[in-house]
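my_file_24.txt follows (compact mmCIF, C-alpha atoms):
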```
# COMPACT_ATOMS: atom_id res chain seq x y z
CA MET N 1 51.22 -18.32 2.32
CA ASN N 2 48.54 -16.30 0.78
CA ARG N 3 46.43 -16.28 -2.33
CA ARG N 4 42.76 -16.86 -2.25
CA PHE N 5 40.84 -19.03 -4.71
CA LYS N 6 38.43 -16.90 -6.78
CA SER N 7 35.02 -18.13 -7.65
CA ARG N 8 36.02 -17.51 -11.10
CA MET N 9 39.57 -18.96 -10.77
CA HIS N 10 42.19 -18.45 -13.48
CA ILE N 11 45.09 -20.95 -12.96
CA ARG N 12 48.49 -19.60 -13.97
CA VAL N 13 51.07 -21.79 -15.63
CA VAL N 14 54.31 -21.61 -13.65
CA ALA N 15 57.83 -23.00 -13.48
CA LEU N 16 60.08 -25.49 -15.39
CA MET N 17 62.02 -28.36 -13.84
CA LEU N 18 64.97 -28.19 -16.22
CA ALA N 19 65.98 -24.96 -17.94
CA LEU N 20 67.51 -26.78 -20.91
CA ILE N 21 65.62 -28.98 -23.35
CA LEU N 22 67.36 -32.33 -23.01
CA VAL N 23 66.81 -35.66 -24.60
CA LEU N 24 64.81 -38.09 -22.50
CA SER N 25 67.80 -39.97 -21.24
CA GLY N 26 69.55 -36.75 -20.33
CA CYS N 27 66.53 -35.60 -18.29
CA ASP N 28 66.42 -38.87 -16.42
CA LYS N 29 70.10 -38.58 -15.53
CA LYS N 30 69.57 -35.02 -14.33
CA LYS N 31 66.69 -36.09 -12.07
CA GLU N 32 68.74 -38.92 -10.67
CA GLN N 33 71.63 -36.56 -9.98
CA LEU N 34 69.36 -34.06 -8.23
CA LYS N 35 67.97 -36.75 -6.00
CA THR N 36 71.42 -38.05 -5.19
CA ASP N 37 72.75 -34.58 -4.41
CA SER N 38 69.91 -33.58 -2.13
CA ASN N 39 69.17 -37.04 -0.79
CA ALA N 40 65.51 -36.31 -1.36
CA SER N 41 62.89 -36.88 -4.06
CA VAL N 42 62.60 -33.88 -6.37
CA VAL N 43 59.17 -32.66 -7.48
CA PHE N 44 60.49 -29.85 -9.65
CA GLN N 45 63.32 -27.41 -10.21
CA TYR N 46 62.70 -23.69 -10.65
CA GLY N 47 65.85 -21.85 -11.69
CA ASP N 48 68.44 -22.90 -9.10
CA ASN N 49 65.75 -23.94 -6.61
CA ILE N 50 65.40 -27.67 -6.05
CA VAL N 51 61.92 -28.28 -4.63
CA THR N 52 61.63 -31.60 -2.87
CA LEU N 53 58.74 -33.84 -1.89
CA GLY N 54 58.90 -32.73 1.75
CA GLU N 55 58.73 -29.06 0.85
CA VAL N 56 55.72 -29.56 -1.41
CA TYR N 57 54.04 -31.62 1.32
CA ILE N 58 54.39 -28.74 3.80
CA TYR N 59 52.73 -26.38 1.33
CA SER N 60 50.05 -28.97 0.59
CA LYS N 61 49.04 -28.96 4.24
CA THR N 62 48.73 -25.18 4.55
CA VAL N 63 47.21 -24.51 1.11
CA GLY N 64 44.91 -27.51 1.49
CA GLU N 65 43.65 -26.26 4.85
CA ARG N 66 42.89 -22.91 3.26
CA TYR N 67 40.67 -24.53 0.63
CA VAL N 68 38.94 -26.69 3.23
CA ARG N 69 38.11 -23.59 5.28
CA GLN N 70 36.64 -21.93 2.21
CA TYR N 71 34.86 -24.85 0.54
CA GLY N 72 34.35 -27.42 3.30
CA GLU N 73 35.66 -30.90 3.99
CA ASP N 74 34.32 -32.28 0.70
CA VAL N 75 36.51 -29.90 -1.33
CA TRP N 76 38.63 -32.84 -2.52
CA SER N 77 35.66 -34.41 -4.31
CA LEU N 78 34.46 -31.21 -6.00
CA ASN N 79 34.77 -30.53 -9.72
CA LEU N 80 35.05 -27.24 -11.63
CA ASP N 81 33.62 -26.51 -15.08
CA GLY N 82 36.38 -26.07 -17.63
CA ASP N 83 36.33 -23.64 -20.56
CA ASN N 84 35.12 -26.39 -22.89
CA GLY N 85 32.52 -27.80 -20.53
CA GLU N 86 34.78 -30.51 -19.15
CA LYS N 87 34.92 -31.30 -15.45
CA ILE N 88 38.20 -30.44 -13.71
CA PRO N 89 38.80 -32.14 -10.35
CA MET N 90 39.32 -29.55 -7.61
CA VAL N 91 42.26 -31.58 -6.31
CA ASP N 92 44.06 -30.97 -9.62
CA VAL N 93 43.40 -27.24 -9.32
CA ILE N 94 44.78 -27.22 -5.78
CA LYS N 95 47.86 -29.21 -6.76
CA GLU N 96 48.71 -26.69 -9.46
CA GLU N 97 48.05 -23.79 -7.09
CA ILE N 98 50.49 -25.30 -4.59
CA VAL N 99 53.24 -25.28 -7.22
CA ASN N 100 52.24 -21.72 -8.21
CA GLU N 101 52.54 -20.60 -4.61
CA ILE N 102 55.96 -22.18 -4.15
CA VAL N 103 57.17 -20.44 -7.31
CA ARG N 104 55.82 -17.09 -6.09
CA VAL N 105 57.59 -17.48 -2.77
CA LYS N 106 60.88 -18.52 -4.40
CA THR N 107 60.63 -15.56 -6.78
CA LEU N 108 60.10 -13.06 -3.98
CA VAL N 109 62.86 -14.57 -1.83
CA ALA N 110 65.27 -14.28 -4.78
CA HIS N 111 64.82 -10.49 -4.57
CA ALA N 112 65.19 -10.15 -0.80
CA GLY N 113 68.75 -8.85 -1.20
CA THR N 114 67.62 -6.13 -3.60
CA PHE N 115 65.34 -4.71 -0.94
CA LYS N 116 67.76 -5.46 1.93
CA ILE N 117 65.22 -7.69 3.65
CA GLU N 118 66.35 -9.30 6.89
CA LEU N 119 64.48 -11.13 9.63
CA THR N 120 64.37 -9.73 13.14
CA GLU N 121 65.16 -11.88 16.16
CA THR N 122 61.48 -11.82 17.07
CA GLU N 123 60.52 -13.11 13.64
CA LYS N 124 63.13 -15.86 13.87
CA ASN N 125 61.82 -16.90 17.28
CA ASN N 126 58.26 -16.98 15.95
CA ILE N 127 59.35 -19.17 13.04
CA THR N 128 61.13 -21.50 15.45
CA ASN N 129 57.98 -21.86 17.53
CA GLU N 130 55.68 -22.40 14.53
CA ALA N 131 58.05 -24.86 12.90
CA THR N 132 58.30 -26.81 16.16
CA VAL N 133 54.51 -27.03 16.48
CA PHE N 134 54.14 -28.13 12.85
CA PHE N 135 56.91 -30.72 13.02
CA GLU N 136 55.72 -32.18 16.32
CA GLY N 137 52.28 -32.59 14.79
CA LEU N 138 53.63 -34.95 12.15
CA THR N 139 53.54 -38.70 12.56
CA ASP N 140 56.64 -40.84 12.16
CA GLN N 141 55.04 -42.19 8.99
CA ASP N 142 54.60 -38.65 7.61
CA ILE N 143 58.22 -37.84 8.31
CA ALA N 144 59.48 -41.03 6.67
CA ASP N 145 57.19 -41.06 3.63
CA MET N 146 57.46 -37.34 2.90
CA GLU N 147 61.21 -37.13 3.66
CA LEU N 148 60.69 -34.40 6.24
CA SER N 149 62.92 -32.78 8.82
CA TYR N 150 62.59 -29.90 11.24
CA GLU N 151 65.13 -27.93 9.19
CA LYS N 152 62.98 -28.32 6.07
CA VAL N 153 59.88 -27.08 7.91
CA TYR N 154 61.81 -24.11 9.29
CA LYS N 155 63.16 -23.22 5.85
CA VAL N 156 59.69 -23.17 4.28
CA MET N 157 58.31 -20.93 7.02
CA GLU N 158 61.36 -18.68 6.91
CA GLU N 159 61.04 -18.21 3.15
CA ASN N 160 57.36 -17.35 3.49
CA ILE N 161 58.10 -14.58 5.98
CA ILE N 162 60.87 -13.21 3.78
CA ALA N 163 58.58 -13.39 0.73
CA LYS N 164 55.86 -11.51 2.61
CA LYS N 165 58.30 -8.74 3.56
CA VAL N 166 59.55 -8.42 -0.03
CA LYS N 167 55.97 -8.19 -1.28
CA GLU N 168 55.11 -5.51 1.29
CA LYS N 169 58.19 -3.53 0.26
CA VAL N 170 57.32 -3.74 -3.44
CA LEU N 171 53.77 -2.59 -2.80
CA ALA N 172 54.89 0.20 -0.47
CA ASP N 173 57.08 1.52 -3.27
CA THR N 174 54.12 1.55 -5.69
CA PRO N 175 51.22 3.23 -3.86
CA ILE N 176 47.80 2.80 -5.46
CA GLU N 177 45.15 5.52 -5.32
CA VAL N 178 41.52 5.14 -6.38
CA SER N 179 39.28 8.15 -7.08
CA ASP N 180 35.65 8.54 -5.99
CA GLU N 181 34.66 8.59 -9.65
CA LYS N 182 36.32 5.25 -10.37
CA ALA N 183 34.81 3.63 -7.29
CA ARG N 184 31.42 5.34 -7.42
CA MET N 185 28.44 3.50 -5.98
CA THR N 186 24.97 4.97 -6.53
CA THR N 187 22.00 4.26 -4.26
CA PHE N 188 18.42 4.63 -5.51
CA TYR N 189 14.99 3.16 -4.85
CA ASP N 190 13.33 1.21 -7.65
CA MET N 191 9.54 1.10 -7.27
CA TYR N 192 9.14 -1.69 -9.77
CA PHE N 193 5.81 -2.72 -11.26
CA GLN N 194 6.57 -6.16 -12.64
CA CYS N 195 4.94 -7.25 -15.91
CA TYR N 196 5.66 -10.98 -15.99
CA THR N 197 5.54 -14.07 -13.79
CA ILE N 198 8.05 -16.87 -13.26
CA ASP N 199 6.89 -20.33 -12.21
CA ASP N 200 8.75 -22.88 -10.09
CA LYS N 201 10.46 -24.26 -13.20
CA GLY N 202 11.74 -20.84 -14.22
CA VAL N 203 9.29 -20.40 -17.09
CA VAL N 204 8.60 -16.71 -17.77
CA THR N 205 5.06 -15.68 -18.74
CA PRO N 206 4.47 -12.05 -19.80
CA TYR N 207 1.40 -10.25 -18.44
CA SER N 208 -1.59 -9.91 -20.73
CA ALA N 209 -2.20 -6.53 -22.36
CA GLU N 210 -4.90 -5.83 -19.79
CA GLU N 211 -2.69 -6.77 -16.82
CA LYS N 212 0.15 -4.67 -18.21
CA ALA N 213 -2.18 -1.69 -18.66
CA THR N 214 -3.26 -2.02 -15.03
CA GLN N 215 0.36 -1.97 -13.89
CA TYR N 216 1.00 1.11 -15.99
CA GLN N 217 -1.96 2.92 -14.43
CA ASN N 218 -0.72 1.94 -10.96
CA ALA N 219 2.71 3.31 -11.77
CA LEU N 220 1.22 6.60 -13.03
CA GLN N 221 -0.92 6.89 -9.91
CA ALA N 222 2.06 6.21 -7.64
CA CYS N 223 4.15 8.75 -9.52
CA SER N 224 1.37 11.35 -9.17
CA THR N 225 1.10 10.65 -5.45
CA LEU N 226 4.83 11.17 -4.99
CA ALA N 227 4.80 14.39 -7.02
CA THR N 228 1.86 15.83 -5.06
CA ALA N 229 3.39 14.83 -1.74
CA SER N 230 6.65 16.53 -2.71
CA ILE N 231 4.81 19.79 -3.40
CA ASP N 232 2.67 19.61 -0.24
CA GLY N 233 5.48 18.32 1.95
CA ASP N 234 3.45 15.25 2.97
CA ARG N 235 6.25 12.97 4.15
CA GLU N 236 4.06 9.91 4.70
CA ALA N 237 2.49 10.05 1.25
CA GLY N 238 5.92 10.83 -0.20
CA ASN N 239 7.51 7.69 1.21
CA ILE N 240 8.23 5.56 -1.81
CA GLU N 241 8.71 2.43 0.27
CA THR N 242 5.28 2.87 1.85
CA LEU N 243 3.74 3.20 -1.60
CA ALA N 244 5.54 0.07 -2.77
CA GLU N 245 3.99 -1.82 0.14
CA TYR N 246 0.56 -0.37 -0.70
CA TYR N 247 0.81 -1.70 -4.25
CA LYS N 248 2.27 -4.99 -2.96
CA LEU N 249 5.39 -4.67 -5.11
CA GLU N 250 7.46 -7.61 -3.87
CA ASN N 251 10.47 -6.77 -6.04
CA ALA N 252 10.58 -3.03 -5.33
CA LYS N 253 13.72 -2.25 -3.35
CA GLU N 254 16.66 0.01 -2.67
CA GLN N 255 19.62 -0.66 -4.94
CA THR N 256 23.28 0.26 -4.56
CA LEU N 257 25.10 -0.31 -7.84
CA THR N 258 28.07 0.86 -9.85
CA PRO N 259 27.38 2.97 -12.95
CA VAL N 260 28.37 0.01 -15.12
CA ALA N 261 25.98 -2.32 -13.27
CA ILE N 262 23.15 0.20 -13.65
CA TYR N 263 23.80 0.44 -17.39
CA GLU N 264 23.99 -3.35 -17.81
CA THR N 265 20.89 -4.00 -15.67
CA TYR N 266 18.53 -1.25 -16.80
CA GLY N 267 19.92 -0.03 -20.11
CA GLU N 268 21.03 3.33 -21.44
CA GLU N 269 17.73 5.18 -20.97
CA VAL N 270 17.51 4.46 -17.23
CA TYR N 271 21.23 5.09 -16.83
CA ASN N 272 20.91 8.56 -18.34
CA LEU N 273 17.78 9.25 -16.33
CA LEU N 274 19.31 8.32 -12.97
CA TYR N 275 22.44 10.37 -13.52
CA SER N 276 20.37 13.40 -14.48
CA MET N 277 18.53 13.30 -11.14
CA LYS N 278 19.37 15.04 -7.88
CA ASN N 279 19.47 13.37 -4.49
CA GLY N 280 15.93 12.90 -3.13
CA GLU N 281 14.30 13.48 -6.54
CA TYR N 282 11.64 11.19 -8.06
CA SER N 283 11.49 10.14 -11.70
CA THR N 284 8.53 9.91 -14.03
CA VAL N 285 7.26 6.46 -15.03
CA ILE N 286 9.77 4.70 -17.24
CA GLU N 287 9.33 1.41 -19.05
CA THR N 288 11.98 -1.30 -19.40
CA GLU N 289 11.85 -4.87 -20.61
CA TYR N 290 10.95 -5.87 -17.04
CA GLY N 291 7.92 -3.60 -16.57
CA TYR N 292 7.37 -0.08 -15.22
CA HIS N 293 9.56 1.81 -12.76
CA VAL N 294 9.46 4.94 -10.66
CA PHE N 295 12.87 5.79 -9.25
CA GLN N 296 13.97 7.89 -6.31
CA MET N 297 17.59 9.00 -6.28
CA ILE N 298 18.95 8.54 -2.76
CA ALA N 299 22.64 9.21 -3.31
CA LEU N 300 24.32 9.76 -6.67
CA THR N 301 27.55 8.96 -4.86
CA ASP N 302 26.93 6.78 -1.81
CA GLN N 303 30.09 7.69 0.09
CA LYS N 304 30.08 4.74 2.49
CA ALA N 305 29.55 2.22 -0.30
CA THR N 306 32.03 4.09 -2.52
CA ASN N 307 34.73 3.96 0.15
CA SER N 308 34.16 0.22 0.59
CA ARG N 309 34.46 -0.33 -3.14
CA LYS N 310 37.65 1.73 -3.18
CA GLU N 311 39.26 -0.81 -0.89
CA ILE N 312 38.13 -3.68 -3.12
CA ILE N 313 39.49 -1.96 -6.23
CA LYS N 314 42.77 -1.15 -4.49
CA GLU N 315 43.12 -4.79 -3.47
CA GLU N 316 42.43 -5.94 -7.03
CA MET N 317 44.89 -3.41 -8.46
CA THR N 318 47.46 -4.42 -5.86
CA ILE N 319 47.15 -8.08 -6.78
CA GLU N 320 47.39 -7.22 -10.47
CA ALA N 321 50.48 -5.05 -9.93
CA MET N 322 52.13 -7.76 -7.87
CA GLU N 323 51.33 -10.42 -10.45
CA GLU N 324 52.83 -8.32 -13.23
CA GLN N 325 56.03 -7.85 -11.23
CA LEU N 326 56.19 -11.55 -10.37
CA ASN N 327 55.74 -12.51 -14.02
CA LEU N 328 58.65 -10.29 -15.03
CA TRP N 329 60.87 -11.71 -12.29
CA GLN N 330 59.91 -15.29 -13.08
CA LYS N 331 60.99 -14.88 -16.67
CA THR N 332 64.45 -13.86 -15.52
CA ILE N 333 64.70 -16.78 -13.08
CA ASP N 334 63.34 -19.54 -15.31
CA LYS N 335 61.54 -18.40 -18.47
CA ASP N 336 60.82 -21.98 -19.62
CA PHE N 337 59.18 -23.18 -16.42
CA SER N 338 55.72 -24.73 -16.76
CA TYR N 339 53.57 -26.85 -14.49
CA GLU N 340 52.80 -29.39 -17.20
CA LYS N 341 56.40 -29.97 -18.28
CA SER N 342 58.41 -29.25 -15.17
CA VAL N 343 56.67 -31.14 -12.38
CA ASP N 344 57.49 -34.79 -11.83
CA MET N 345 53.95 -36.05 -11.27
CA GLU N 346 55.14 -39.50 -10.28
CA VAL N 347 56.84 -37.96 -7.25
CA TYR N 348 54.12 -35.37 -6.64
CA ASN N 349 51.42 -38.04 -6.56
CA LYS N 350 53.00 -39.55 -3.45
CA ILE N 351 51.22 -36.80 -1.54
CA SER N 352 47.65 -37.73 -0.56
CA PHE N 353 45.02 -34.98 -0.67
CA GLN N 354 42.09 -36.88 0.88
```

Would you mind writing the file out in structure tokens?
Amino acid sequence: MNRRFKSRMHIRVVALMLALILVLSGCDKKKEQLKTDSNASVVFQYGDNIVTLGEVYIYSKTVGERYVRQYGEDVWSLNLDGDNGEKIPMVDVIKEEIVNEIVRVKTLVAHAGTFKIELTETEKNNITNEATVFFEGLTDQDIADMELSYEKVYKVMEENIIAKKVKEKVLADTPIEVSDEKARMTTFYDMYFQCYTIDDKGVVTPYSAEEKATQYQNALQACSTLATASIDGDREAGNIETLAEYYKLENAKEQTLTPVAIYETYGEEVYNLLYSMKNGEYSTVIETEYGYHVFQMIALTDQKATNSRKEIIKEEMTIEAMEEQLNLWQKTIDKDFSYEKSVDMEVYNKISFQ
């Protein structure tokens, strides 16, 4: 059961309880029939999948634990900022994500036959053990209130393993490659002569003309020192970090950024300057809205950082590719499914998330 919550989370709308648009009385009869047939309370229907209270409860435990690990025990009382400035209770976000996850699993399982996915005896034994531990950890009250059984627990865990294998097969059939150029990370040193102050309240005060002129002279002097040291081979005098300490430049530091981040942070002039430099080379003094800078190019392509970013990009592209495939499959299973219209909140709300 995977899917991490992003700091900038975008909640997908998933699933529909009834594929046909029925009159209110017809919908009520359908719900009653589903409950009678399965002998369990139905939270929603997705295609031919009847998802009951017990099944949703099992997901609520695992997904809920994931959020607690990431955000702490008080996750249930947190609020998110909505697009229009409104506060969205985190519990509502998690409840929708639980339904989303169930739909993803059902969608993947529906395609297990296409990829000839079968469970090994070892996998079945592992599921048996995990289902036993989970079920034995439930109280009698949990079992009664949530309409649970060992078979239901086993089925949820079995479907998750099958879904995982289908996903792995889909991704294996669509390998993703990322070039050095696309993932490039550039490392440089920014000897930064700041020309403003910020107080404790965040108020920015620009330097006076005299103070700014002093900073400019310091930058020119530092640049001259670096240039002379480079010619004479004086390593100590040519150490840009040592010079930054001499001038007490608290915000001077080594930076490792993408080309886009460099452009957005420093602007076009610095961007063009940095990418015209060679490794180890120093720049002249350059002015930005922040003050004066002398740059040293350390690595136009920082291979270690670039390789790390490759993995991040591949993961993002993998998630995107998988989401696109899932969206296509979901439309064929139940194109009218939606969280708002398909989920019986009266039944869903029987599950406590505190």

Per-residue nearest contacts of segment 267-296 of chain N to segment 221-230 of chain N (10 Å; all atoms listed in the file) as JSON lines:
```
{"residue": "N:Gly280", "atom": "CA", "partner": "N:Ser230", "partner_atom": "CA", "distance": 10.0}
{"residue": "N:Glu281", "atom": "CA", "partner": "N:Ser230", "partner_atom": "CA", "distance": 9.1}
{"residue": "N:Tyr282", "atom": "CA", "partner": "N:Leu226", "partner_atom": "CA", "distance": 7.5}
{"residue": "N:Ser283", "atom": "CA", "partner": "N:Cys223", "partner_atom": "CA", "distance": 7.8}
{"residue": "N:Thr284", "atom": "CA", "partner": "N:Cys223", "partner_atom": "CA", "distance": 6.4}
{"residue": "N:Val285", "atom": "CA", "partner": "N:Cys223", "partner_atom": "CA", "distance": 6.7}
{"residue": "N:His293", "atom": "CA", "partner": "N:Cys223", "partner_atom": "CA", "distance": 9.4}
{"residue": "N:Val294", "atom": "CA", "partner": "N:Cys223", "partner_atom": "CA", "distance": 6.6}
{"residue": "N:Phe295", "atom": "CA", "partner": "N:Cys223", "partner_atom": "CA", "distance": 9.2}
{"residue": "N:Gln296", "atom": "CA", "partner": "N:Leu226", "partner_atom": "CA", "distance": 9.8}
```

With C-alpha atoms retained, could you export that selection as a compact mmCIF listing (two decimals), in the coordinates of the input?
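What landed in again06.txt:
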```txt
# COMPACT_ATOMS: atom_id res chain seq x y z
CA GLY N 280 15.93 12.90 -3.13
CA GLU N 281 14.30 13.48 -6.54
CA TYR N 282 11.64 11.19 -8.06
CA SER N 283 11.49 10.14 -11.70
CA THR N 284 8.53 9.91 -14.03
CA VAL N 285 7.26 6.46 -15.03
CA HIS N 293 9.56 1.81 -12.76
CA VAL N 294 9.46 4.94 -10.66
CA PHE N 295 12.87 5.79 -9.25
CA GLN N 296 13.97 7.89 -6.31
```

Just to confirm, what's the straight-line distance from atom CA of Thr301 of chain N to atom CA of Thr318 of chain N in Å (one decimal)?
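Interatomic distance here is 24.0 Å.
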
Show me the residues close to (35.4, -29.4, -8.2) - anything with an atom within 6 Å, counting all atoms listed in the file - and format the list as a ChimeraX atom specification.
/N:78-80,89-90

Export of prior selection with C-alpha atoms as a PDB file, in the coordinates of the input:
```
ATOM      1  CA  LEU N  78      34.460 -31.210  -6.000  1.00  0.00           C
ATOM      2  CA  ASN N  79      34.770 -30.530  -9.720  1.00  0.00           C
ATOM      3  CA  LEU N  80      35.050 -27.240 -11.630  1.00  0.00           C
ATOM      4  CA  PRO N  89      38.800 -32.140 -10.350  1.00  0.00           C
ATOM      5  CA  MET N  90      39.320 -29.550  -7.610  1.00  0.00           C
TER       6      MET N  90
END
```

Taking all atoms listed in the file into account, which of N:Met157, N:Ile333, N:Val93, N:Ala112 comes nearest Lys124 of chain N?
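Answer, going by the shortest atom-to-atom distance: N:Met157.
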
Polymer residues at most 9 Å from segment 249-254 of chain N, all atoms listed in the file, same-chain spacing of 6 or more positions, as a JSON list (two decimals) with C-alpha atoms, in the coordinates of the input:
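Saved to out-v2.json:
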```json
[["chain", "number", "residue", "atom", "x", "y", "z"],
["N", 187, "THR", "CA", 22.00, 4.26, -4.26],
["N", 188, "PHE", "CA", 18.42, 4.63, -5.51],
["N", 189, "TYR", "CA", 14.99, 3.16, -4.85],
["N", 190, "ASP", "CA", 13.33, 1.21, -7.65],
["N", 191, "MET", "CA", 9.54, 1.10, -7.27],
["N", 192, "TYR", "CA", 9.14, -1.69, -9.77],
["N", 193, "PHE", "CA", 5.81, -2.72, -11.26],
["N", 194, "GLN", "CA", 6.57, -6.16, -12.64],
["N", 241, "GLU", "CA", 8.71, 2.43, 0.27],
["N", 243, "LEU", "CA", 3.74, 3.20, -1.60],
["N", 293, "HIS", "CA", 9.56, 1.81, -12.76],
["N", 298, "ILE", "CA", 18.95, 8.54, -2.76]]
```

Name the closest residue to Asn49 of chain N among the candidates N:Met146, N:Val75, N:Ile102, N:Val170; distances are taken between atoms, counting only C-alpha atoms.
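Between N:Met146, N:Val75, N:Ile102, N:Val170, the residue approaching Asn49 of chain N most closely is N:Ile102.
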
Could you check how far atom CA of Lys61 of chain N sits from atom CA of Glu324 of chain N, in Å to one decimal?
27.3 Å

Distance criterion (all atoms listed in the file): nearest to Glu316 of chain N out of N:Val178, N:Leu220, N:Ile240, N:Leu328:
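Smallest separation from Glu316 of chain N among the options: N:Val178.
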
Could you state the separation of atom CA of Lys169 of chain N and atom CA of Val56 of chain N in Å, given to one decimal place?
26.2 Å

Among listed residues N:Thr186, N:Thr114, N:Gln141, N:Asn129, nearest Lys278 of chain N (using all atoms listed in the file):
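For Lys278 of chain N, the nearest of the candidates is N:Thr186.
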
Hey, which of N:Thr120, N:Tyr59, N:Leu171, N:Arg69 ends up closest to Ile319 of chain N? Count only C-alpha atoms.
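Nearest candidate to Ile319 of chain N out of N:Thr120, N:Tyr59, N:Leu171, N:Arg69: N:Leu171.
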
Just the residues within 12 Å of segment 259-265 of chain N, please, counting only C-alpha atoms, with nothing from its chain fewer than 5 positions along; format it as a count of residues only.
22

Pick out the residues sitting within 8 Å of segment 206-208 of chain N, and hand them over as a PyMOL selection string; count all atoms listed in the file, and ignore anything fewer than 3 positions along from it in its own chain.
chain N and resi 195-197+211-212

For each of N:Ile58, N:Leu326, N:Tyr216, N:Val91, take the minimum atom-to-atom distance to Tyr154 of chain N, counting all atoms listed in the file, then give the residue where this is smallest.
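Among the listed residues, N:Ile58 lies closest to Tyr154 of chain N.
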
Write out as a PyMOL selection string the residues lying within 12 Å of segment 107-109 of chain N, counting only C-alpha atoms and excluding same-chain residues fewer than 2 positions away.
chain N and resi 14-15+46-49+100-105+111-118+155-170+322-323+325-334

Output of the above residues as a PDB file, in the frame of the given file, restricted to C-alpha atoms:
```
ATOM      1  CA  VAL N  14      54.310 -21.610 -13.650  1.00  0.00           C
ATOM      2  CA  ALA N  15      57.830 -23.000 -13.480  1.00  0.00           C
ATOM      3  CA  TYR N  46      62.700 -23.690 -10.650  1.00  0.00           C
ATOM      4  CA  GLY N  47      65.850 -21.850 -11.690  1.00  0.00           C
ATOM      5  CA  ASP N  48      68.440 -22.900  -9.100  1.00  0.00           C
ATOM      6  CA  ASN N  49      65.750 -23.940  -6.610  1.00  0.00           C
ATOM      7  CA  ASN N 100      52.240 -21.720  -8.210  1.00  0.00           C
ATOM      8  CA  GLU N 101      52.540 -20.600  -4.610  1.00  0.00           C
ATOM      9  CA  ILE N 102      55.960 -22.180  -4.150  1.00  0.00           C
ATOM     10  CA  VAL N 103      57.170 -20.440  -7.310  1.00  0.00           C
ATOM     11  CA  ARG N 104      55.820 -17.090  -6.090  1.00  0.00           C
ATOM     12  CA  VAL N 105      57.590 -17.480  -2.770  1.00  0.00           C
ATOM     13  CA  HIS N 111      64.820 -10.490  -4.570  1.00  0.00           C
ATOM     14  CA  ALA N 112      65.190 -10.150  -0.800  1.00  0.00           C
ATOM     15  CA  GLY N 113      68.750  -8.850  -1.200  1.00  0.00           C
ATOM     16  CA  THR N 114      67.620  -6.130  -3.600  1.00  0.00           C
ATOM     17  CA  PHE N 115      65.340  -4.710  -0.940  1.00  0.00           C
ATOM     18  CA  LYS N 116      67.760  -5.460   1.930  1.00  0.00           C
ATOM     19  CA  ILE N 117      65.220  -7.690   3.650  1.00  0.00           C
ATOM     20  CA  GLU N 118      66.350  -9.300   6.890  1.00  0.00           C
ATOM     21  CA  LYS N 155      63.160 -23.220   5.850  1.00  0.00           C
ATOM     22  CA  VAL N 156      59.690 -23.170   4.280  1.00  0.00           C
ATOM     23  CA  MET N 157      58.310 -20.930   7.020  1.00  0.00           C
ATOM     24  CA  GLU N 158      61.360 -18.680   6.910  1.00  0.00           C
ATOM     25  CA  GLU N 159      61.040 -18.210   3.150  1.00  0.00           C
ATOM     26  CA  ASN N 160      57.360 -17.350   3.490  1.00  0.00           C
ATOM     27  CA  ILE N 161      58.100 -14.580   5.980  1.00  0.00           C
ATOM     28  CA  ILE N 162      60.870 -13.210   3.780  1.00  0.00           C
ATOM     29  CA  ALA N 163      58.580 -13.390   0.730  1.00  0.00           C
ATOM     30  CA  LYS N 164      55.860 -11.510   2.610  1.00  0.00           C
ATOM     31  CA  LYS N 165      58.300  -8.740   3.560  1.00  0.00           C
ATOM     32  CA  VAL N 166      59.550  -8.420  -0.030  1.00  0.00           C
ATOM     33  CA  LYS N 167      55.970  -8.190  -1.280  1.00  0.00           C
ATOM     34  CA  GLU N 168      55.110  -5.510   1.290  1.00  0.00           C
ATOM     35  CA  LYS N 169      58.190  -3.530   0.260  1.00  0.00           C
ATOM     36  CA  VAL N 170      57.320  -3.740  -3.440  1.00  0.00           C
ATOM     37  CA  MET N 322      52.130  -7.760  -7.870  1.00  0.00           C
ATOM     38  CA  GLU N 323      51.330 -10.420 -10.450  1.00  0.00           C
ATOM     39  CA  GLN N 325      56.030  -7.850 -11.230  1.00  0.00           C
ATOM     40  CA  LEU N 326      56.190 -11.550 -10.370  1.00  0.00           C
ATOM     41  CA  ASN N 327      55.740 -12.510 -14.020  1.00  0.00           C
ATOM     42  CA  LEU N 328      58.650 -10.290 -15.030  1.00  0.00           C
ATOM     43  CA  TRP N 329      60.870 -11.710 -12.290  1.00  0.00           C
ATOM     44  CA  GLN N 330      59.910 -15.290 -13.080  1.00  0.00           C
ATOM     45  CA  LYS N 331      60.990 -14.880 -16.670  1.00  0.00           C
ATOM     46  CA  THR N 332      64.450 -13.860 -15.520  1.00  0.00           C
ATOM     47  CA  ILE N 333      64.700 -16.780 -13.080  1.00  0.00           C
ATOM     48  CA  ASP N 334      63.340 -19.540 -15.310  1.00  0.00           C
TER      49      ASP N 334
END
```
